[in-house]
Amino acid sequence: MQRPSTLPAAAELVERIEWLIKLRWLAIAGVVLTLELVQHVLRLPLPSTPIWGVMAALALYNLLLAAVRRQLRIARQPDADEGPDAPGTTPALRLALAPVQLLQPWLALENLFRFLIAAVARRKRAGGPSWRRSTLADLLVPRELWGVDPQAVVFRAAAFASAQITVDLIALAALLHFSGGLENPFIFYSVFHVVIASILLSRRATYLEATLGFSLIAAVGVGELLGLLRHYPVGLVPNMAAYLNPTFVTAQIFVLGSTLYLTAYMATSISAGQRSYEREAALLSNDVARKAELLEAAYTRVSQAERAKSQYMRKVAHELKAPLGAVQMLLKVILDGLAGDVSDKSRELVERAEHRTRELAQLTQDLLALSRAREGTLAVEIAPVALGELVTDVVAQTQGLATQAGVTISSDIAPGLGPVQGDVAGLRRLVGNLVSNAVRYTPRGGSVAVRLQRTDSALRLKVEDTGIGIPEDDLPRIFEEFFRSANARSHTSDGTGLGLSIVKAVAEQHGGSVSVESEQGKGTRFTVDLPLK
Amino acid sequence: MSKVKILTVDDDRDLVEALRIVLESGGYDVVAAHDAETGLEKVRSERPDLVLLDVMMPSATEGFHFVWKLRNLEGEYYRAVPVILLTAIHEKTELRFYPDSGDGTYKAGEYLPVQDFVDKPVEPKDLLERVERVLSASKTK
């Protein structure tokens, strides 16, 4: 079974118990004030000594609770056997929890009952449900908190709550006894204890506490009716002898009982729902945390693999460079006729071979550039780069290509731009790829505009053309490695499909980003932001 | 007058073969070495007029070390003999090199004491032009 990380549930229980202790001080103060008021203002005959005695006992108990409440917070490893009597608990804590033992007879009764049911079931059907002795923990801890870690803390808190409610009910019954018995409307204050029990304890324990409260108060009423207990008249009802009226006593007991049990029913239903919800939420947040961990681990693995891939790619590309260079050089020697006469057909074939080798060399260069950018800052040297000069330089270098293609190229570089920290070769590649792409994919008569401006925190490069544009469906894919849109391929067969991947990788290597807007047949605009650090 | 002698230092024998053909077509004598150590020996024994050096053989730094060792050899000749770097590394690092300061002091780590560099692959005509230029510059000094 999945377990929520518990401390929220256990801690909340402990917190509520501390709240209960504070509430009790208020109640004691309230009773003492009321007592004074009734005696001195209303001048009702109340036996103040026993009432003071009950309150003093309750106050002492509350002091004990306040003293030991810190021990509730000790989070231990879950230990099924650990309970209020577990080793390590202090005598003070054991004393504070002692009233829980009042529930033991009830538990014994319940166990006997369950044993009998199980025995009957087994007689009917072999291999029926086996009987398991119910423990105090089973009785007290709300079902929704079963399995919550640390179970010992949860159980101890529940036992603590149960002990307090039990003591409160006894004190209330005693107080009522000394202040008119069933004639005292405060008998209904026992409802509060049932509500508190429903919040802190299991459904069964709540009914048990309701039963305890009901039995104690009913016992006072019946005891006084039968003359077994002394009646302390307080003059709260017109008929001074109401406590002797069986109808009155029966009615009070009936109303009290139905109130308590109905309250127990309603409050436990609401609490159970609330607790299930909280448990779900705890499980869910646990789940989310675990999934986040898994995701992070997966991400780390992926980026390690990605880096390893880039390093591998870089090594392979590097290894390709030397043989390619040699091949190109040898072919050039043949083409220049330095190795002897070449027939026209041979020359044409060698020219084609040389052209293909150049493509291969370009691909190798692109793979090197891409892998260097992907490896982040490890493979390059970071230095201040005057981007404005670099852009001017690249535009000047592309001018020849543009003139040849009948494309006008203009640049607008804002003055006073600071340098960016970066890899100059990578940045040159980024700008070069964007500008030469713009020229290559713009038909004769078109134009390319290169702009470099400063935004709040970045240098922004815009390369805009009036070219063939990019089909909308292809826009999300143009930064993918080796992807070339169909219209780009039909426009020119040249190109490795790595140019924009390099642009993106270099931009990201510098903590920046690249975006594209395009309309097919109208033109394209690339925007690169490079943060100023 | 004997022919001008060029030493090529490169571990790629095919490339050296191509360079030899190109340089011989330009009327130069070509001596080849395939590693840095042999290269230094050949500089001493052959006293070439120019060294054409592949910077990447076989590790990225071997070519650089060759230049430093060469420049630190005792004798005016070793400081003056022109070196052309044959490389694709220029694009990678935007290496600052030392075109022709000629004062004979070389500061390690600042500039590479070579006279020119040529990106691989190079058009045969371009290579011959560069060699011619560097040689005439070193003669006029």
# chains A, B, ... in the order shown; residues from 1 in each chain; ligands from 1
call {"tool": "interface_residues", "arguments": {"of": "chain B", "to": "chain A", "cutoff": "6 Å", "atoms": "only C-alpha atoms", "output": "VMD selection string"}}
result
chain B and resid 14 to 15 18 92 121
call {"tool": "closest_residue", "arguments": {"among": "A:Arg275, A:His510, A:His355, A:Arg372", "to": "A:His318", "atoms": "only C-alpha atoms"}}
result
A:Arg372
call {"tool": "residues_around", "arguments": {"residues": "stretch 192-200 of chain A", "least_positions_apart": "2", "cutoff": "6 Å", "atoms": "only C-alpha atoms", "output": "tab-separated table (two decimals) with C-alpha atoms, in the first residue's frame"}}
result
chain	number	residue	atom	x	y	z
A	189	TYR	CA	-22.08	20.73	26.33
A	190	SER	CA	-21.10	17.08	26.03
A	206	THR	CA	-16.20	8.63	18.68
A	210	ALA	CA	-20.47	9.55	22.98
A	264	ALA	CA	-21.42	11.51	16.40
A	267	ALA	CA	-19.47	14.71	12.62
A	268	THR	CA	-17.70	11.41	11.90
A	271	SER	CA	-14.45	14.14	9.30
call {"tool": "residues_around", "arguments": {"residues": "B:Leu85", "least_positions_apart": "2", "cutoff": "9 Å", "atoms": "only C-alpha atoms", "output": "number ranges by chain"}}
result
B: 51-55, 63, 83, 87, 114-119
call {"tool": "write_last_selection", "arguments": {"atoms": "C-alpha atoms", "output": "PDB file, in the first residue's frame"}}
result
ATOM      1  CA  VAL B  51      58.611  25.526 -43.259  1.00  0.00           C
ATOM      2  CA  LEU B  52      55.065  24.512 -44.115  1.00  0.00           C
ATOM      3  CA  LEU B  53      53.600  23.112 -40.926  1.00  0.00           C
ATOM      4  CA  ASP B  54      50.408  21.255 -40.171  1.00  0.00           C
ATOM      5  CA  VAL B  55      49.338  22.457 -36.787  1.00  0.00           C
ATOM      6  CA  GLY B  63      52.427  21.873 -34.235  1.00  0.00           C
ATOM      7  CA  VAL B  83      56.861  29.273 -41.056  1.00  0.00           C
ATOM      8  CA  THR B  87      45.532  24.536 -40.678  1.00  0.00           C
ATOM      9  CA  VAL B 114      54.714  32.265 -37.655  1.00  0.00           C
ATOM     10  CA  GLN B 115      54.584  34.332 -40.785  1.00  0.00           C
ATOM     11  CA  ASP B 116      51.301  33.212 -42.296  1.00  0.00           C
ATOM     12  CA  PHE B 117      48.658  30.560 -42.091  1.00  0.00           C
ATOM     13  CA  VAL B 118      46.750  28.786 -44.794  1.00  0.00           C
ATOM     14  CA  ASP B 119      43.421  27.107 -44.276  1.00  0.00           C
TER      15      ASP B 119
END
call {"tool": "atom_distance", "arguments": {"atom1": "atom CA of A:Glu508", "atom2": "atom CA of A:Thr392"}}
result
22.4 Å
call {"tool": "select_by_dssp", "arguments": {"residues": "stretch 159-324 of chain A", "states": "alpha helix (DSSP H)", "output": "NGL selection string"}}
result
:A and (159-177 or 190-200 or 203-225 or 246-324)
call {"tool": "atom_distance", "arguments": {"atom1": "atom CA of B:Tyr77", "atom2": "atom CA of B:Gly27"}}
result
22.7 Å
call {"tool": "residues_around", "arguments": {"residues": "A:Arg440", "least_positions_apart": "5", "cutoff": "9 Å", "atoms": "only C-alpha atoms", "output": "MDAnalysis selection string"}}
result
chainID A and resid 401:402 405 435 467 491:492
call {"tool": "atom_distance", "arguments": {"atom1": "atom CA of B:Val16", "atom2": "atom CA of A:Gly340"}}
result
17.8 Å
call {"tool": "residues_around", "arguments": {"residues": "B:Gly39", "least_positions_apart": "5", "cutoff": "9 Å", "atoms": "only C-alpha atoms", "output": "number ranges by chain"}}
result
B: 7-10, 32-34, 44, 66
call {"tool": "write_last_selection", "arguments": {"atoms": "C-alpha atoms", "output": "PDB file, in the first residue's frame"}}
result
ATOM      1  CA  LEU B   7      60.205  21.608 -45.524  1.00  0.00           C
ATOM      2  CA  THR B   8      56.691  20.222 -45.076  1.00  0.00           C
ATOM      3  CA  VAL B   9      55.907  18.861 -41.634  1.00  0.00           C
ATOM      4  CA  ASP B  10      52.681  16.882 -41.695  1.00  0.00           C
ATOM      5  CA  ALA B  32      59.138  16.135 -45.980  1.00  0.00           C
ATOM      6  CA  ALA B  33      58.935  15.186 -42.327  1.00  0.00           C
ATOM      7  CA  HIS B  34      56.018  13.276 -40.867  1.00  0.00           C
ATOM      8  CA  ARG B  44      68.883  21.446 -38.627  1.00  0.00           C
ATOM      9  CA  PHE B  66      57.232  22.512 -32.917  1.00  0.00           C
TER      10      PHE B  66
END
call {"tool": "closest_residue", "arguments": {"among": "A:Asn433, A:Gln362, A:Thr34, A:Gln509", "to": "A:Phe186", "atoms": "only C-alpha atoms"}}
result
A:Thr34
call {"tool": "residues_around", "arguments": {"residues": "B:Leu50", "least_positions_apart": "5", "cutoff": "6 Å", "atoms": "only C-alpha atoms", "output": "VMD selection string"}}
result
chain B and resid 6 81 to 83
call {"tool": "write_last_selection", "arguments": {"atoms": "N, CA and C atoms", "output": "PDB file, in the first residue's frame"}}
result
ATOM      1  N   ILE B   6      61.868  23.891 -49.366  1.00  0.00           N
ATOM      2  CA  ILE B   6      60.734  23.994 -48.417  1.00  0.00           C
ATOM      3  C   ILE B   6      60.593  22.678 -47.670  1.00  0.00           C
ATOM      4  N   VAL B  81      63.766  31.775 -39.908  1.00  0.00           N
ATOM      5  CA  VAL B  81      63.194  30.948 -40.964  1.00  0.00           C
ATOM      6  C   VAL B  81      61.671  31.074 -40.968  1.00  0.00           C
ATOM      7  N   PRO B  82      61.062  31.461 -42.093  1.00  0.00           N
ATOM      8  CA  PRO B  82      59.609  31.672 -42.103  1.00  0.00           C
ATOM      9  C   PRO B  82      58.825  30.358 -41.984  1.00  0.00           C
ATOM     10  N   VAL B  83      57.735  30.437 -41.253  1.00  0.00           N
ATOM     11  CA  VAL B  83      56.861  29.273 -41.056  1.00  0.00           C
ATOM     12  C   VAL B  83      55.461  29.636 -41.526  1.00  0.00           C
TER      13      VAL B  83
END
